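For reference, the structure discussed in these notes is given below.
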Amino acid sequence: MVVEQIIVGHMSVCCYLLGDDVSKEALLIDPSSDFGKIGAIIDRYGFNVTKIVNTHGHFDHIGGNRYFLKKTGARLLIHEEDYYFLTKSFNRILSFIRGGSFIKHEVKLLKDGDIITLGTSEIRVIHTPGHSPGSISLYCDGNLFTGDTLFTEGIGRTDFSGGCGETIMKSIKGRILTLPDDTVIWPGHHYGRFPVTTVREQKKYYF
């Protein structure tokens, strides 16, 4: 499976392109700004993006939804507890500005334990609330995409509506750091010295 980390915008958002080499089916995680950069990488591999997954509903992680849904015809997936972010006026305005005209798309609502298929790979949804009620991490083939729950040197903010410091720590310690030590952690922003980390490395900070 191909994993491409694409860092875009002034907030250093990490969006990800996951692709199956054989079927050429691909999945896009948290498309944000700089659509040209993201699109060029998709085209370079010749992938067909069939799914777009949001790790949570904050505007900086959903800003490219409409553009790439329209461009690819993909299906949108988000946790059921963060779906309301897609309908909030502020996020709708930003999505309109960044992604073009409003268009209707089917949205699949996710819950903990759901499996997302990508070619021959399976991606497991792990509910990791705290940054937002419906924040999720995505686990596949030894890779974990943590959104804004856990960065390489820090955690996501909990002072937004629906955030909770106690809850995010439970998610990190009980749901992320219980995975195998060699699990590669791919964060939602490049805020630390390094763009990736591992469960083994993160345990030094939290245990």
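Residue numbering restarts at 1 in every chain; chains get A, B, ... in the order shown in the structure tokens, and ligands count up from 1 in that same order.
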Shell of 7 Å around segment 195-198 of chain A, only C-alpha atoms, local chain residues under 4 positions omitted, as a PyMOL selection string | chain A and resi 152+181-187+190+202
Just the selected residues (N, CA and C atoms), exported as a short mmCIF file (atom, residue, chain, number, x, y, z; two decimals), in the first residue's frame, please.
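Now in part-v2.cif:
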data_model
loop_
_atom_site.label_atom_id
_atom_site.label_comp_id
_atom_site.auth_asym_id
_atom_site.auth_seq_id
_atom_site.Cartn_x
_atom_site.Cartn_y
_atom_site.Cartn_z
N THR A 152 3.37 14.51 16.70
CA THR A 152 4.66 13.88 17.00
C THR A 152 5.24 14.41 18.31
N ASP A 181 4.27 -1.49 19.38
CA ASP A 181 5.27 -0.43 19.51
C ASP A 181 5.77 0.10 18.17
N ASP A 182 5.84 -0.77 17.15
CA ASP A 182 6.39 -0.34 15.87
C ASP A 182 5.35 0.31 14.96
N THR A 183 4.14 0.53 15.48
CA THR A 183 3.11 1.23 14.70
C THR A 183 3.60 2.64 14.35
N VAL A 184 3.51 3.00 13.08
CA VAL A 184 3.91 4.33 12.63
C VAL A 184 2.74 5.28 12.79
N ILE A 185 2.97 6.39 13.47
CA ILE A 185 1.93 7.38 13.71
C ILE A 185 2.09 8.54 12.73
N TRP A 186 1.03 8.79 11.97
CA TRP A 186 0.99 9.87 11.00
C TRP A 186 0.01 10.92 11.53
N PRO A 187 0.49 12.10 11.96
CA PRO A 187 -0.38 13.09 12.61
C PRO A 187 -1.15 13.97 11.63
N HIS A 190 1.91 18.95 10.97
CA HIS A 190 3.35 18.83 11.16
C HIS A 190 3.77 19.96 12.09
N GLN A 202 6.21 7.56 21.43
CA GLN A 202 5.21 8.33 22.18
C GLN A 202 5.04 7.83 23.59
#
List the neighbours of segment 104-115 of chain A out to 7 Å using only C-alpha atoms; skip same-chain residues closer than 2 positions along the sequence, and give me the result as a PyMOL selection string. chain A and resi 75-80+102+117+122-127
(Q) With DSSP run on the backbone, what are the strand (DSSP E) residues within segment 8-204 of chain A? I'd like them as a PyMOL selection string. (A) chain A and resi 8+13-19+25-29+48-53+75-79+107-110+115-118+121-127+136-140+143-147+150-151+154-155+184-187+197-198
Just C-alpha atoms for this one: save the residues we selected as a compact mmCIF listing (two decimals), in the first residue's frame.
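Saved file out_17.txt follows:
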# COMPACT_ATOMS: atom_id res chain seq x y z
CA VAL A 8 -0.33 21.87 2.92
CA VAL A 13 -2.15 20.29 7.71
CA CYS A 14 -1.16 16.72 6.90
CA CYS A 15 -3.49 15.12 4.41
CA TYR A 16 -2.80 11.60 3.23
CA LEU A 17 -3.16 9.64 0.06
CA LEU A 18 -3.46 5.89 0.56
CA GLY A 19 -3.37 3.79 -2.58
CA GLU A 25 -7.99 2.40 -5.83
CA ALA A 26 -7.12 5.22 -3.44
CA LEU A 27 -8.41 6.96 -0.35
CA LEU A 28 -7.82 10.58 0.64
CA ILE A 29 -7.65 11.56 4.31
CA ASN A 48 -8.71 6.48 -8.66
CA VAL A 49 -9.87 8.10 -5.42
CA THR A 50 -13.04 6.31 -4.32
CA LYS A 51 -13.24 7.45 -0.69
CA ILE A 52 -12.52 10.62 1.27
CA VAL A 53 -12.27 10.24 5.05
CA ARG A 75 -17.77 8.86 -1.23
CA LEU A 76 -17.31 10.90 1.97
CA LEU A 77 -16.86 9.19 5.35
CA ILE A 78 -16.85 10.83 8.80
CA HIS A 79 -17.67 9.69 12.33
CA VAL A 107 -22.01 10.65 3.43
CA LYS A 108 -21.27 7.39 5.23
CA LEU A 109 -21.32 7.82 9.00
CA LEU A 110 -18.62 5.86 10.80
CA ILE A 115 -13.75 -1.44 8.51
CA ILE A 116 -13.00 0.62 5.40
CA THR A 117 -11.78 -1.45 2.47
CA LEU A 118 -9.10 -0.23 0.09
CA SER A 121 -6.30 -3.74 2.57
CA GLU A 122 -8.61 -3.10 5.50
CA ILE A 123 -8.57 0.14 7.48
CA ARG A 124 -9.98 -0.04 11.00
CA VAL A 125 -11.76 2.95 12.50
CA ILE A 126 -10.72 3.69 16.10
CA HIS A 127 -12.84 6.27 17.90
CA ILE A 136 -11.11 9.05 14.83
CA SER A 137 -7.81 7.37 14.10
CA LEU A 138 -7.37 5.01 11.17
CA TYR A 139 -5.27 1.83 11.51
CA CYS A 140 -3.96 -0.13 8.54
CA ASN A 143 0.15 2.64 10.14
CA LEU A 144 -2.05 4.86 12.32
CA PHE A 145 -3.46 8.16 11.09
CA THR A 146 -4.31 10.10 14.23
CA GLY A 147 -5.79 13.36 12.95
CA LEU A 150 -1.89 13.01 18.72
CA PHE A 151 0.97 14.83 17.00
CA GLY A 154 2.05 17.15 21.47
CA ILE A 155 -1.69 16.61 21.40
CA VAL A 184 3.91 4.33 12.63
CA ILE A 185 1.93 7.38 13.71
CA TRP A 186 0.99 9.87 11.00
CA PRO A 187 -0.38 13.09 12.61
CA THR A 197 6.57 9.09 14.98
CA THR A 198 5.89 5.66 16.48
What separates atom CA of Asp148 of chain A and atom CA of Gly188 of chain A is a distance of 5.1 Å
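Distance annotation: of A:Lys204, A:Phe59, A:Thr120, A:Ile172, the residue with the minimal separation from Asp21 of chain A is A:Thr120; atom set is only C-alpha atoms.
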Just the helix (DSSP H, G or I) stuff from segment 75-175 of chain A, please, per backbone DSSP, written as a PyMOL selection string.
chain A and resi 80-87+89-99+165-175
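The shell of residues at most 7 Å from Ile168 of chain A, with only C-alpha atoms counted and near chain neighbours (fewer than 4 positions) removed, consists of Pro129, Gly130, His131, Thr149, Cys164 and Ile172 of chain A.
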How about saving the chosen residues, C-alpha atoms kept, as a PDB file, in the first residue's frame?
ATOM      1  CA  PRO A 129     -12.500  11.543  21.010  1.00  0.00           C
ATOM      2  CA  GLY A 130     -11.180  14.497  22.981  1.00  0.00           C
ATOM      3  CA  HIS A 131     -10.141  16.977  20.314  1.00  0.00           C
ATOM      4  CA  THR A 149      -5.652  13.558  18.587  1.00  0.00           C
ATOM      5  CA  CYS A 164     -12.096  17.502  26.623  1.00  0.00           C
ATOM      6  CA  ILE A 172      -4.161   8.428  23.611  1.00  0.00           C
TER       7      ILE A 172
END
Here atom CA of Gly162 of chain A and atom CA of Gly134 of chain A stand apart by 9.1 Å
- request: Grab the atom CA of Tyr206 of chain A to atom CA of Tyr191 of chain A distance for me, in Å with one decimal place.
  value: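 Going from atom CA of Tyr206 of chain A over to atom CA of Tyr191 of chain A, I get 17.9 Å.
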Pick out the residues sitting within 8 Å of segment 81-86 of chain A, and hand them over as a PyMOL selection string; count only C-alpha atoms, and ignore anything fewer than 6 positions along from it in its own chain.
chain A and resi 56-58+92+109+132-135
With C-alpha atoms retained, write the just-selected residues as a short mmCIF file (atom, residue, chain, number, x, y, z; two decimals), in the first residue's frame.
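Listed below is the output, selection_38.cif:
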data_model
loop_
_atom_site.label_atom_id
_atom_site.label_comp_id
_atom_site.auth_asym_id
_atom_site.auth_seq_id
_atom_site.Cartn_x
_atom_site.Cartn_y
_atom_site.Cartn_z
CA HIS A 56 -12.75 14.99 12.40
CA GLY A 57 -14.92 17.85 11.28
CA HIS A 58 -12.86 20.99 11.90
CA ARG A 92 -20.11 25.46 5.00
CA LEU A 109 -21.32 7.82 9.00
CA SER A 132 -13.70 16.70 19.04
CA PRO A 133 -16.52 14.28 19.93
CA GLY A 134 -16.15 12.30 16.72
CA SER A 135 -12.38 12.32 16.24
#
